[in-house]
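S.K.: Input structure: final.txt, which contains compact mmCIF, C-alpha atoms and all ligand atoms.
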# COMPACT_ATOMS: atom_id res chain seq x y z
CA MET A 511 120.05 117.33 69.75
CA ASP A 512 119.98 119.06 73.13
CA PHE A 513 120.33 116.90 76.22
CA THR A 514 119.96 119.72 78.76
CA LEU A 515 116.73 120.10 80.72
CA PRO A 516 114.76 123.33 80.23
CA PRO A 517 115.74 125.67 83.12
CA GLU A 518 112.29 125.62 84.79
CA ILE A 519 112.31 121.80 84.87
CA GLU A 520 115.87 121.73 86.22
CA THR A 521 114.84 124.17 88.97
CA LEU A 522 111.86 121.98 89.84
CA ARG A 523 114.03 118.85 89.83
CA LEU A 524 116.37 120.41 92.39
CA LYS A 525 113.37 121.38 94.50
CA VAL A 526 112.09 117.79 94.48
CA ARG A 527 115.57 116.55 95.36
CA ALA A 528 115.77 118.88 98.37
CA PHE A 529 112.23 118.06 99.56
CA VAL A 530 112.84 114.31 99.31
CA ALA A 531 116.20 114.60 101.11
CA GLU A 532 114.99 116.85 103.91
CA GLU A 533 111.38 115.73 104.46
CA ILE A 534 110.92 112.17 103.19
CA VAL A 535 114.16 110.16 103.37
CA PRO A 536 114.50 110.73 107.16
CA LEU A 537 111.12 109.01 107.68
CA GLU A 538 112.42 105.72 106.29
CA ALA A 539 114.67 105.02 109.29
CA ASP A 540 111.86 104.80 111.88
CA SER A 541 109.97 101.49 111.80
CA GLY A 542 107.05 103.28 113.46
CA ASN A 543 106.44 105.19 110.23
CA TYR A 544 105.49 102.02 108.34
CA ASN A 545 102.15 100.19 108.14
CA GLU A 546 101.94 96.40 108.42
CA PHE A 547 102.58 96.06 104.68
CA ASP A 548 105.91 97.97 104.77
CA ASN A 549 104.53 101.16 103.25
CA ILE A 550 104.23 104.63 104.78
CA ARG A 551 101.52 104.86 107.49
CA MET A 552 98.32 106.42 106.11
CA ASP A 553 98.06 109.25 108.66
CA LEU A 554 101.70 110.18 108.13
CA LEU A 555 101.12 110.02 104.37
CA GLU A 556 98.34 112.61 104.66
CA THR A 557 100.68 114.94 106.59
CA MET A 558 103.41 114.53 103.98
CA ARG A 559 100.97 115.04 101.11
CA SER A 560 99.86 118.35 102.66
CA LYS A 561 103.50 119.42 102.93
CA ALA A 562 104.18 118.44 99.32
CA ARG A 563 101.16 120.39 98.10
CA ALA A 564 102.25 123.43 100.14
CA ALA A 565 105.72 123.16 98.59
CA GLY A 566 104.24 123.14 95.07
CA LEU A 567 105.38 119.57 94.41
CA TRP A 568 102.11 117.86 93.64
CA ALA A 569 100.67 115.88 90.71
CA PRO A 570 103.41 116.78 88.19
CA GLN A 571 101.61 114.92 85.37
CA MET A 572 98.31 116.83 85.66
CA PRO A 573 97.34 120.13 84.04
CA LYS A 574 97.76 123.32 86.04
CA ASP A 575 94.06 124.21 85.81
CA ARG A 576 93.25 120.98 87.66
CA GLY A 577 95.86 121.49 90.38
CA GLY A 578 98.87 119.76 88.85
CA LEU A 579 102.20 121.06 87.57
CA GLY A 580 101.43 120.67 83.87
CA LEU A 581 104.79 119.15 82.95
CA PRO A 582 105.56 117.47 79.61
CA VAL A 583 106.48 113.77 79.85
CA MET A 584 110.19 114.71 79.71
CA GLY A 585 109.59 116.81 82.81
CA TRP A 586 107.97 113.84 84.55
CA ALA A 587 111.18 111.88 83.95
CA ALA A 588 113.25 114.44 85.84
CA PHE A 589 110.67 114.83 88.63
CA TYR A 590 109.87 111.13 89.18
CA GLU A 591 113.50 110.05 89.23
CA GLU A 592 114.12 112.44 92.13
CA ALA A 593 110.89 111.34 93.84
CA GLY A 594 111.97 107.70 93.47
CA ARG A 595 115.06 108.31 95.58
CA SER A 596 112.87 107.57 98.59
CA ILE A 597 110.67 104.49 98.82
CA PHE A 598 107.95 106.85 100.14
CA GLY A 599 108.64 109.67 97.64
CA PRO A 600 106.21 109.08 94.75
CA VAL A 601 103.16 108.45 96.91
CA CYS A 602 103.83 111.62 98.94
CA LEU A 603 103.98 113.69 95.72
CA ASN A 604 100.95 112.01 94.05
CA CYS A 605 102.91 110.38 91.26
CA GLN A 606 102.75 106.72 92.32
CA ALA A 607 101.21 103.72 90.59
CA PRO A 608 98.39 103.03 90.00
CA ASP A 609 96.91 106.54 90.57
CA ASP A 610 99.55 108.05 88.30
CA GLY A 611 98.57 105.99 85.23
CA ASN A 612 94.87 106.27 86.03
CA MET A 613 95.06 110.05 86.24
CA SER A 614 97.02 110.27 83.00
CA VAL A 615 94.56 108.17 81.01
CA LEU A 616 91.50 109.94 82.43
CA ASN A 617 93.08 113.29 81.65
CA ARG A 618 93.81 112.16 78.09
CA ILE A 619 90.50 110.57 77.14
CA GLY A 620 87.80 111.45 79.69
CA SER A 621 84.97 113.87 78.85
CA VAL A 622 84.87 117.05 80.92
CA ALA A 623 82.04 115.58 83.03
CA GLN A 624 84.00 112.34 83.55
CA LYS A 625 87.10 114.30 84.55
CA ASP A 626 85.13 116.37 87.07
CA ARG A 627 83.50 113.30 88.60
CA TRP A 628 86.30 110.69 88.48
CA LEU A 629 89.64 112.41 87.93
CA GLN A 630 89.53 115.59 90.01
CA PRO A 631 89.20 113.81 93.40
CA ILE A 632 92.30 111.67 92.60
CA ILE A 633 94.28 114.79 91.67
CA ASP A 634 93.10 116.46 94.88
CA GLY A 635 94.30 113.45 96.88
CA ASP A 636 90.79 112.83 98.22
CA VAL A 637 90.44 109.35 96.75
CA ARG A 638 92.69 106.56 95.46
CA SER A 639 92.07 104.49 92.33
CA SER A 640 92.64 101.11 90.67
CA PHE A 641 93.02 99.79 87.13
CA VAL A 642 91.17 96.49 86.76
CA MET A 643 92.35 94.29 83.92
CA THR A 644 94.23 91.05 84.77
CA GLU A 645 92.25 87.82 85.23
CA PRO A 646 92.94 84.30 86.50
CA HIS A 647 93.18 81.45 83.97
CA PRO A 648 91.54 81.00 81.52
CA GLY A 649 91.03 84.80 81.40
CA GLY A 650 93.30 87.57 80.18
CA GLY A 651 96.80 88.20 81.57
CA SER A 652 99.72 88.87 79.24
CA ASP A 653 97.28 88.30 76.39
CA PRO A 654 94.32 90.68 76.82
CA SER A 655 92.43 89.00 73.96
CA MET A 656 91.70 86.19 76.45
CA MET A 657 89.67 88.52 78.66
CA LEU A 658 86.48 86.89 79.95
CA THR A 659 84.89 89.45 82.29
CA LYS A 660 81.75 90.55 80.47
CA ALA A 661 79.77 93.79 80.36
CA GLU A 662 76.34 93.28 78.82
CA LYS A 663 74.09 96.16 77.82
CA THR A 664 70.56 96.31 79.24
CA GLY A 665 68.84 99.64 78.55
CA ASP A 666 71.25 102.46 79.39
CA ARG A 667 73.29 100.28 81.76
CA TRP A 668 76.04 97.69 81.51
CA VAL A 669 75.89 94.64 83.78
CA VAL A 670 79.29 93.21 84.69
CA SER A 671 80.16 89.63 85.63
CA GLY A 672 83.54 87.96 86.00
CA ARG A 673 86.71 87.78 88.06
CA LYS A 674 89.90 89.86 88.19
CA TRP A 675 93.08 89.55 90.23
CA TYR A 676 96.33 91.30 91.17
CA ILE A 677 94.51 94.62 91.17
CA SER A 678 96.79 97.16 92.86
CA GLY A 679 95.31 99.39 95.49
CA ALA A 680 91.82 97.86 95.33
CA ALA A 681 91.40 97.67 99.11
CA VAL A 682 91.70 101.46 99.48
CA ALA A 683 90.51 102.62 96.05
CA LYS A 684 87.23 104.44 95.57
CA HIS A 685 87.43 105.01 91.80
CA PHE A 686 88.00 102.06 89.47
CA ILE A 687 88.76 101.82 85.75
CA LEU A 688 87.49 98.44 84.53
CA MET A 689 88.30 96.63 81.28
CA ALA A 690 85.61 94.17 80.18
CA ARG A 691 84.50 92.26 77.12
CA THR A 692 81.56 93.80 75.27
CA SER A 693 81.69 91.64 72.09
CA ASP A 694 83.64 88.82 70.46
CA ASP A 695 85.20 91.12 67.87
CA PRO A 696 88.94 90.24 67.95
CA ARG A 697 90.07 93.87 67.68
CA ARG A 698 87.17 95.80 69.18
CA GLY A 699 85.83 93.33 71.72
CA LEU A 700 86.91 95.21 74.88
CA SER A 701 85.56 98.40 76.44
CA ALA A 702 86.50 100.49 79.49
CA PHE A 703 84.21 101.63 82.30
CA LEU A 704 84.33 103.63 85.51
CA PHE A 705 82.75 102.56 88.76
CA ASP A 706 82.73 103.62 92.39
CA ARG A 707 83.62 101.43 95.39
CA ASP A 708 80.19 102.05 96.91
CA GLN A 709 78.23 100.56 94.00
CA PRO A 710 76.75 97.10 94.70
CA GLY A 711 77.43 94.04 92.53
CA TRP A 712 81.12 93.45 93.18
CA HIS A 713 83.38 92.57 96.11
CA ILE A 714 86.97 91.92 97.08
CA VAL A 715 87.46 88.16 97.42
CA ARG A 716 90.87 88.51 99.08
CA ARG A 717 93.94 90.65 99.45
CA ILE A 718 96.67 88.52 97.86
CA GLY A 719 99.85 88.21 99.91
CA ASN A 720 103.07 88.71 97.96
CA MET A 721 106.82 88.94 98.51
CA GLY A 722 107.12 92.68 98.14
CA PRO A 723 106.27 95.67 100.21
CA ASP A 724 102.66 96.36 99.29
CA GLU A 725 101.02 99.36 97.68
CA HIS A 726 98.36 100.92 99.90
CA GLY A 727 95.36 98.68 99.29
CA GLY A 728 97.56 95.73 98.30
CA VAL A 729 96.91 93.58 95.25
CA CYS A 730 93.43 92.06 95.36
CA GLU A 731 91.19 89.51 93.72
CA LEU A 732 87.77 90.89 92.76
CA GLU A 733 84.50 89.24 91.80
CA PHE A 734 81.80 90.95 89.74
CA ASP A 735 78.32 89.50 90.04
CA GLY A 736 75.92 92.06 88.58
CA LEU A 737 77.68 95.42 88.98
CA GLU A 738 75.58 97.94 87.03
CA ILE A 739 77.38 100.79 85.27
CA GLU A 740 75.58 103.66 83.59
CA ASP A 741 76.49 104.12 79.93
CA SER A 742 77.71 107.66 80.75
CA ASN A 743 80.48 106.03 82.78
CA ARG A 744 81.92 104.23 79.74
CA LEU A 745 85.25 105.64 78.49
CA MET A 746 85.51 106.54 74.80
CA GLU A 747 83.50 104.34 72.43
CA VAL A 748 82.31 100.77 72.81
CA GLY A 749 85.15 98.59 71.49
CA ASP A 750 87.91 101.10 72.32
CA GLY A 751 89.18 99.07 75.28
CA LEU A 752 92.44 97.87 73.71
CA LYS A 753 93.19 101.38 72.48
CA ILE A 754 92.58 102.76 75.99
CA THR A 755 94.88 100.09 77.42
CA GLN A 756 97.62 101.29 75.07
CA ILE A 757 96.98 104.92 75.97
CA ARG A 758 97.19 104.08 79.68
CA LEU A 759 100.00 101.56 79.71
CA GLY A 760 102.53 103.46 77.56
CA PRO A 761 103.02 106.37 79.98
CA ALA A 762 102.33 104.16 83.03
CA ARG A 763 105.13 101.75 82.11
CA LEU A 764 107.47 104.64 81.52
CA THR A 765 106.71 106.35 84.82
CA HIS A 766 107.46 103.03 86.55
CA CYS A 767 110.89 103.22 84.88
CA MET A 768 111.39 106.83 86.00
CA ARG A 769 110.72 105.92 89.65
CA TRP A 770 112.81 102.74 89.41
CA LEU A 771 115.80 104.73 88.14
CA GLY A 772 115.56 106.85 91.28
CA GLN A 773 115.54 103.66 93.39
CA ALA A 774 118.50 102.19 91.50
CA LYS A 775 120.49 105.40 92.08
CA ARG A 776 119.58 105.24 95.78
CA CYS A 777 120.99 101.69 95.95
CA MET A 778 124.29 102.97 94.55
CA GLU A 779 124.28 105.86 96.99
CA ILE A 780 123.97 103.47 99.95
CA ALA A 781 126.67 101.14 98.60
CA ALA A 782 129.00 104.07 97.87
CA ALA A 783 128.67 105.33 101.44
CA TYR A 784 129.43 101.87 102.87
CA THR A 785 132.33 100.95 100.59
CA SER A 786 134.03 104.32 100.92
CA GLU A 787 134.26 103.88 104.70
CA ARG A 788 134.59 100.12 105.20
CA GLU A 789 138.06 98.62 105.10
CA GLY A 790 139.31 95.03 104.84
CA PHE A 791 142.58 93.27 103.98
CA GLY A 792 144.45 96.55 104.21
CA MET A 793 142.37 98.79 101.94
CA ARG A 794 139.03 100.56 101.57
CA LEU A 795 136.44 98.49 99.73
CA ALA A 796 135.92 101.41 97.35
CA ASP A 797 139.57 101.17 96.28
CA ARG A 798 139.19 97.57 95.09
CA GLU A 799 138.95 97.19 91.35
CA SER A 800 136.18 94.59 91.63
CA VAL A 801 134.05 97.05 93.61
CA GLN A 802 134.76 99.82 91.10
CA THR A 803 133.78 97.51 88.23
CA ALA A 804 130.50 96.70 89.96
CA MET A 805 129.72 100.35 90.68
CA GLY A 806 130.82 101.54 87.24
CA GLY A 807 128.70 98.84 85.61
CA LEU A 808 125.63 99.97 87.54
CA ALA A 809 126.25 103.64 86.74
CA HIS A 810 126.43 102.66 83.08
CA ASP A 811 123.22 100.58 83.22
CA ILE A 812 121.36 103.42 84.94
CA GLN A 813 122.47 105.96 82.35
CA VAL A 814 121.41 103.66 79.48
CA GLY A 815 118.03 103.42 81.22
CA ARG A 816 117.78 107.20 81.58
CA LEU A 817 118.47 107.72 77.87
CA LEU A 818 115.90 105.07 76.89
CA VAL A 819 113.36 106.71 79.19
CA MET A 820 114.04 110.22 77.89
CA HIS A 821 113.80 109.05 74.28
CA ALA A 822 110.44 107.39 74.95
CA ALA A 823 109.29 110.48 76.89
CA TRP A 824 110.23 112.71 73.98
CA LYS A 825 108.25 110.50 71.59
CA LEU A 826 105.21 110.55 73.88
CA ASP A 827 105.48 114.34 74.00
CA GLN A 828 105.33 114.32 70.16
CA GLY A 829 102.01 112.43 70.36
CA ASP A 830 103.50 109.05 69.41
CA PHE A 831 102.57 105.85 71.31
CA ALA A 832 106.34 105.11 71.63
CA ARG A 833 105.56 101.39 71.90
CA LYS A 834 109.06 100.23 70.96
CA GLU A 835 110.81 102.81 73.08
CA VAL A 836 108.64 102.16 76.14
CA SER A 837 109.15 98.39 75.84
CA MET A 838 112.93 98.81 75.57
CA ALA A 839 112.99 101.10 78.59
CA LYS A 840 110.74 98.79 80.63
CA VAL A 841 112.85 95.66 80.00
CA HIS A 842 116.16 97.41 80.64
CA VAL A 843 115.19 99.45 83.68
CA ALA A 844 113.43 96.50 85.38
CA ASP A 845 116.66 94.47 84.98
CA THR A 846 118.78 97.41 86.15
CA LEU A 847 116.72 97.89 89.30
CA ASN A 848 117.05 94.20 90.19
CA LYS A 849 120.77 94.25 89.48
CA ALA A 850 121.31 97.45 91.46
CA ALA A 851 119.50 96.13 94.53
CA ASP A 852 121.28 92.76 94.41
CA THR A 853 124.76 94.17 93.75
CA CYS A 854 124.47 96.88 96.40
CA ILE A 855 123.26 94.42 99.04
CA GLN A 856 126.35 92.33 98.24
CA LEU A 857 128.65 95.35 98.51
CA CYS A 858 127.20 96.31 101.90
CA GLY A 859 127.69 92.82 103.38
CA ALA A 860 125.37 91.91 106.24
CA LYS A 861 124.22 95.50 106.54
CA GLY A 862 122.81 95.25 103.03
CA TYR A 863 120.66 92.30 104.04
CA SER A 864 119.46 94.02 107.20
CA ARG A 865 116.66 96.51 107.67
CA ASP A 866 119.15 99.24 108.60
CA THR A 867 118.96 100.48 105.00
CA VAL A 868 116.17 100.42 102.38
CA LEU A 869 118.16 98.02 100.17
CA GLU A 870 116.24 94.94 101.31
CA TRP A 871 112.92 96.78 100.71
CA ILE A 872 113.98 97.73 97.20
CA TYR A 873 115.29 94.19 96.53
CA ARG A 874 111.93 92.62 97.43
CA TYR A 875 109.97 95.25 95.53
CA ALA A 876 112.22 95.10 92.46
CA ARG A 877 111.18 91.58 91.53
CA CYS A 878 107.73 92.69 90.43
CA ALA A 879 109.28 95.16 87.96
CA LYS A 880 109.84 92.33 85.45
CA LEU A 881 106.14 91.36 85.68
CA VAL A 882 103.92 94.39 86.19
CA ASP A 883 102.50 96.16 83.16
CA GLY A 884 103.76 93.41 80.89
CA ALA A 885 106.29 90.65 81.58
CA SER A 886 109.74 91.31 80.10
CA GLU A 887 109.32 88.40 77.68
CA VAL A 888 106.16 89.97 76.26
CA HIS A 889 107.94 93.31 75.73
CA LYS A 890 110.75 91.44 73.93
CA MET A 891 108.15 89.68 71.79
CA VAL A 892 106.73 93.10 70.85
CA LEU A 893 110.23 94.34 70.00
CA SER A 894 110.89 91.28 67.86
CA ARG A 895 107.63 91.87 65.97
CA PHE A 896 108.69 95.46 65.29
CA TYR A 897 112.07 94.24 64.09
CA SER A 898 110.48 91.67 61.76
CA LYS A 899 108.37 94.43 60.24
CA GLU A 900 110.95 97.22 60.13
CA SER A 901 114.31 95.46 59.77
CA ASN A 902 117.09 98.10 59.90
CA ASP A 903 114.51 100.89 60.18
CA PHE A 904 113.87 99.61 63.71
CA TRP A 905 116.62 102.01 64.79
CA SER A 906 115.58 105.05 62.77
CA TRP A 907 115.60 108.47 64.44
CA GLY A 908 112.58 110.72 64.66
CA ILE A 909 108.90 109.83 64.78
C1 LIG A 1001 102.63 93.65 92.18
C2 LIG A 1001 101.69 93.52 91.02
C3 LIG A 1001 100.75 94.50 90.77
C4 LIG A 1001 99.85 94.38 89.71
N1 LIG A 1001 98.89 95.34 89.52
C5 LIG A 1001 97.95 95.18 88.57
C6 LIG A 1001 96.86 96.10 88.45
O1 LIG A 1001 96.77 97.08 89.18
N2 LIG A 1001 95.92 95.87 87.50
C7 LIG A 1001 95.97 94.79 86.67
O2 LIG A 1001 95.08 94.64 85.83
N3 LIG A 1001 97.00 93.89 86.76
C8 LIG A 1001 97.97 94.05 87.70
N4 LIG A 1001 99.01 93.14 87.83
C9 LIG A 1001 99.06 92.01 86.92
C10 LIG A 1001 100.18 92.13 85.87
O3 LIG A 1001 99.92 93.17 84.97
C11 LIG A 1001 100.26 90.76 85.21
O4 LIG A 1001 100.84 89.90 86.17
C12 LIG A 1001 101.08 90.73 83.94
O5 LIG A 1001 100.44 91.43 82.92
C13 LIG A 1001 101.32 89.29 83.47
O6 LIG A 1001 100.10 88.58 83.40
P1 LIG A 1001 99.96 87.17 84.17
O7 LIG A 1001 100.36 87.33 85.58
O8 LIG A 1001 98.60 86.66 83.88
O9 LIG A 1001 101.05 86.25 83.49
P2 LIG A 1001 100.82 85.15 82.35
O10 LIG A 1001 100.17 85.77 81.18
O11 LIG A 1001 100.21 83.96 82.96
O12 LIG A 1001 102.34 84.83 81.97
C14 LIG A 1001 103.19 84.12 82.88
C15 LIG A 1001 104.61 84.20 82.40
O13 LIG A 1001 104.71 83.56 81.13
C16 LIG A 1001 105.69 84.17 80.33
N5 LIG A 1001 105.07 84.64 79.09
C17 LIG A 1001 103.81 85.13 78.89
N6 LIG A 1001 103.65 85.49 77.61
C18 LIG A 1001 104.82 85.23 76.98
C19 LIG A 1001 105.29 85.40 75.65
N7 LIG A 1001 104.51 85.92 74.70
N8 LIG A 1001 106.57 85.03 75.37
C20 LIG A 1001 107.37 84.48 76.31
N9 LIG A 1001 106.97 84.32 77.59
C21 LIG A 1001 105.73 84.68 77.92
C22 LIG A 1001 106.24 85.35 81.15
O14 LIG A 1001 107.43 84.94 81.81
C23 LIG A 1001 105.15 85.60 82.17
O15 LIG A 1001 105.66 86.19 83.36
C24 LIG A 1001 99.93 93.26 88.86
C25 LIG A 1001 100.91 92.27 89.09
C26 LIG A 1001 101.77 92.39 90.16
C27 LIG A 1001 102.81 91.32 90.38
Any chance you could give the structure as structure tokens?
Ligand SMILES: Cc1cc2nc3c(=O)[nH]c(=O)nc-3n(C[C@H](O)[C@H](O)[C@H](O)COP(=O)(O)OP(=O)(O)OC[C@H]3O[C@@H](n4cnc5c(N)ncnc54)[C@H](O)[C@@H]3O)c2cc1C

M.R.:
Amino acid sequence: MDFTLPPEIETLRLKVRAFVAEEIVPLEADSGNYNEFDNIRMDLLETMRSKARAAGLWAPQMPKDRGGLGLPVMGWAAFYEEAGRSIFGPVCLNCQAPDDGNMSVLNRIGSVAQKDRWLQPIIDGDVRSSFVMTEPHPGGGSDPSMMLTKAEKTGDRWVVSGRKWYISGAAVAKHFILMARTSDDPRRGLSAFLFDRDQPGWHIVRRIGNMGPDEHGGVCELEFDGLEIEDSNRLMEVGDGLKITQIRLGPARLTHCMRWLGQAKRCMEIAAAYTSEREGFGMRLADRESVQTAMGGLAHDIQVGRLLVMHAAWKLDQGDFARKEVSMAKVHVADTLNKAADTCIQLCGAKGYSRDTVLEWIYRYARCAKLVDGASEVHKMVLSRFYSKESNDFWSWGI
């Protein structure tokens, strides 16, 4: 077992670290750099994206012949963690959700024509994208078998009707990946489609307000009332929807974890700076055992998360779905991010609660980590099912 990074990935990691430190982190301190939803201003984002491209730090998950860096999933882990050090990092380097997961799945399963039409503009940074799956009751949420949005075939077209919500980025997206029901078959009842913002037959009902800083394009509720999709814009085969969901969500969940680890480390960095300077009751805060226990505990949680992420990344690189490993990473890293933000706010006193650092931003954002791409309870249910089936082999090494 070799835990060192290949030299070219280590070199790249250091380059990302320097770019984030020199170019992106300084932007966070100026409130004028934010939009009204607490994210980086769009015009500034375009400037930063040009700089990232010029620096060769762009679309790490995409193949080189399409303009990406062609890294294996283990390389993404190193890259994204460094990008995640800044709250603006991933979006500036084109490795943020939901584009990141959408690009990965299109690259994996799209035909060449579909990649040229739908994927390439996202890689190039010309358009943004959304993944459209979750529905209001009684439709599909944690349980996708409850999905009600229908796509019905008429001639060479599919006609879509139904309602979706909490769709990230929908208000700025141009390319959409839609999951819809095409039959009542319990295993093969869902299919995946591509559509463009400018097609008629759907609209955004509302941008849903939430507690966190918002992705560009927010989270939105959508209604479909006759959207027509050509059969050539269907992904894989009719009935492959659940399979496509697995192909998309495995890596997408893991890249969330990679970015969140970067954020959790940033929280520690801010708390370390404060507690090493601040004194009270005759000593530096950093010299108090209770502070050291808190910081040591976080360092430990983060490293457990990094090992879980790397193990899952390695399995994905071997062609495995890594369902168990991704679920374990997702549950643990979501908890770690929440704990890191909360603990570090506490250690920084009033400053932690203020907007003088990004701790309060990360704290608000962190709460969605236990919900997005599968609630923690659902991941634990999946793990328990694996354990019931595998017993002690649950912990076997290898594929
Ligand atoms: C910020 C944000 C962005 C999102 N972006 C997208 C997006 O881009 N595209 C998209 O399609 N969706 C998106 N979602 C939706 C997200 O994927 C769903 O919220 C998630 O899958 C859970 O579905 P639900 O909200 O319907 O919860 P429900 O299924 O209603 O579950 C509610 C709660 O019940 C509990 N629960 C559910 N099942 C079980 C179980 N088996 N065992 C124990 N407890 C259980 C959990 O605590 C869960 O949180 C986003 C959500 C948020 C908050």

S.K.: If you count all atoms listed in the file, which residues fall within 12 Å of Met511 in chain A, apart from same-chain ones fewer than 6 positions away, as a list in words?

M.R.: His821, Trp824, Trp907 and Gly908 of chain A

S.K.: CA of Gln624 in chain A to CA of Ala607 in chain A: how many Å, to one decimal?

M.R.: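 One can read the CA of Gln624 in chain A to CA of Ala607 in chain A distance as 20.5 Å.
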
S.K.: Could you check how far CA of Pro608 in chain A sits from atom N1 of ligand LIG 1001 (chain A), in Å to one decimal?

M.R.: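 So the answer is 7.7 Å.
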
S.K.: Give me the residues of range 528-548 of chain A that have any atom at most 10 Å from an atom of range 701-724 of chain A; for each, the nearest atom pair and the distance in Å, rounded to one decimal. Use only C-alpha atoms, sort by chain and number, and format it as CSV.

M.R.:
residue,atom,partner,partner_atom,distance
A:Asn545,CA,A:Asp724,CA,9.7
A:Glu546,CA,A:Asp724,CA,9.2
A:Phe547,CA,A:Asp724,CA,5.4
A:Asp548,CA,A:Pro723,CA,5.1

S.K.: So the first atom is CA of Ile519 in chain A and the second is CA of Met820 in chain A; what is the distance between them in Å, to one decimal place?

M.R.: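 Spanning CA of Ile519 in chain A to CA of Met820 in chain A is a straight-line distance of 13.6 Å.
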
S.K.: Return as a PyMOL selection string every polymer residue, whether protein, DNA or RNA, with at least one atom no more than 9 Å from an atom of ligand LIG 1001 (chain A); count only C-alpha atoms and all ligand atoms.

M.R.: chain A and resi 607-608+640-647+649-654+674-680+688-689+720-722+724-725+728-730+875+877-892

S.K.: Just the selected residues (C-alpha atoms), exported as a PDB file, in the frame of the given file, please.

M.R.:
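File produced: out_37.pdb:
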ATOM      1  CA  ALA A 607     101.210 103.720  90.590  1.00  0.00           C
ATOM      2  CA  PRO A 608      98.390 103.030  90.000  1.00  0.00           C
ATOM      3  CA  SER A 640      92.640 101.110  90.670  1.00  0.00           C
ATOM      4  CA  PHE A 641      93.020  99.790  87.130  1.00  0.00           C
ATOM      5  CA  VAL A 642      91.170  96.490  86.760  1.00  0.00           C
ATOM      6  CA  MET A 643      92.350  94.290  83.920  1.00  0.00           C
ATOM      7  CA  THR A 644      94.230  91.050  84.770  1.00  0.00           C
ATOM      8  CA  GLU A 645      92.250  87.820  85.230  1.00  0.00           C
ATOM      9  CA  PRO A 646      92.940  84.300  86.500  1.00  0.00           C
ATOM     10  CA  HIS A 647      93.180  81.450  83.970  1.00  0.00           C
ATOM     11  CA  GLY A 649      91.030  84.800  81.400  1.00  0.00           C
ATOM     12  CA  GLY A 650      93.300  87.570  80.180  1.00  0.00           C
ATOM     13  CA  GLY A 651      96.800  88.200  81.570  1.00  0.00           C
ATOM     14  CA  SER A 652      99.720  88.870  79.240  1.00  0.00           C
ATOM     15  CA  ASP A 653      97.280  88.300  76.390  1.00  0.00           C
ATOM     16  CA  PRO A 654      94.320  90.680  76.820  1.00  0.00           C
ATOM     17  CA  LYS A 674      89.900  89.860  88.190  1.00  0.00           C
ATOM     18  CA  TRP A 675      93.080  89.550  90.230  1.00  0.00           C
ATOM     19  CA  TYR A 676      96.330  91.300  91.170  1.00  0.00           C
ATOM     20  CA  ILE A 677      94.510  94.620  91.170  1.00  0.00           C
ATOM     21  CA  SER A 678      96.790  97.160  92.860  1.00  0.00           C
ATOM     22  CA  GLY A 679      95.310  99.390  95.490  1.00  0.00           C
ATOM     23  CA  ALA A 680      91.820  97.860  95.330  1.00  0.00           C
ATOM     24  CA  LEU A 688      87.490  98.440  84.530  1.00  0.00           C
ATOM     25  CA  MET A 689      88.300  96.630  81.280  1.00  0.00           C
ATOM     26  CA  ASN A 720     103.070  88.710  97.960  1.00  0.00           C
ATOM     27  CA  MET A 721     106.820  88.940  98.510  1.00  0.00           C
ATOM     28  CA  GLY A 722     107.120  92.680  98.140  1.00  0.00           C
ATOM     29  CA  ASP A 724     102.660  96.360  99.290  1.00  0.00           C
ATOM     30  CA  GLU A 725     101.020  99.360  97.680  1.00  0.00           C
ATOM     31  CA  GLY A 728      97.560  95.730  98.300  1.00  0.00           C
ATOM     32  CA  VAL A 729      96.910  93.580  95.250  1.00  0.00           C
ATOM     33  CA  CYS A 730      93.430  92.060  95.360  1.00  0.00           C
ATOM     34  CA  TYR A 875     109.970  95.250  95.530  1.00  0.00           C
ATOM     35  CA  ARG A 877     111.180  91.580  91.530  1.00  0.00           C
ATOM     36  CA  CYS A 878     107.730  92.690  90.430  1.00  0.00           C
ATOM     37  CA  ALA A 879     109.280  95.160  87.960  1.00  0.00           C
ATOM     38  CA  LYS A 880     109.840  92.330  85.450  1.00  0.00           C
ATOM     39  CA  LEU A 881     106.140  91.360  85.680  1.00  0.00           C
ATOM     40  CA  VAL A 882     103.920  94.390  86.190  1.00  0.00           C
ATOM     41  CA  ASP A 883     102.500  96.160  83.160  1.00  0.00           C
ATOM     42  CA  GLY A 884     103.760  93.410  80.890  1.00  0.00           C
ATOM     43  CA  ALA A 885     106.290  90.650  81.580  1.00  0.00           C
ATOM     44  CA  SER A 886     109.740  91.310  80.100  1.00  0.00           C
ATOM     45  CA  GLU A 887     109.320  88.400  77.680  1.00  0.00           C
ATOM     46  CA  VAL A 888     106.160  89.970  76.260  1.00  0.00           C
ATOM     47  CA  HIS A 889     107.940  93.310  75.730  1.00  0.00           C
ATOM     48  CA  LYS A 890     110.750  91.440  73.930  1.00  0.00           C
ATOM     49  CA  MET A 891     108.150  89.680  71.790  1.00  0.00           C
ATOM     50  CA  VAL A 892     106.730  93.100  70.850  1.00  0.00           C
TER      51      VAL A 892
END
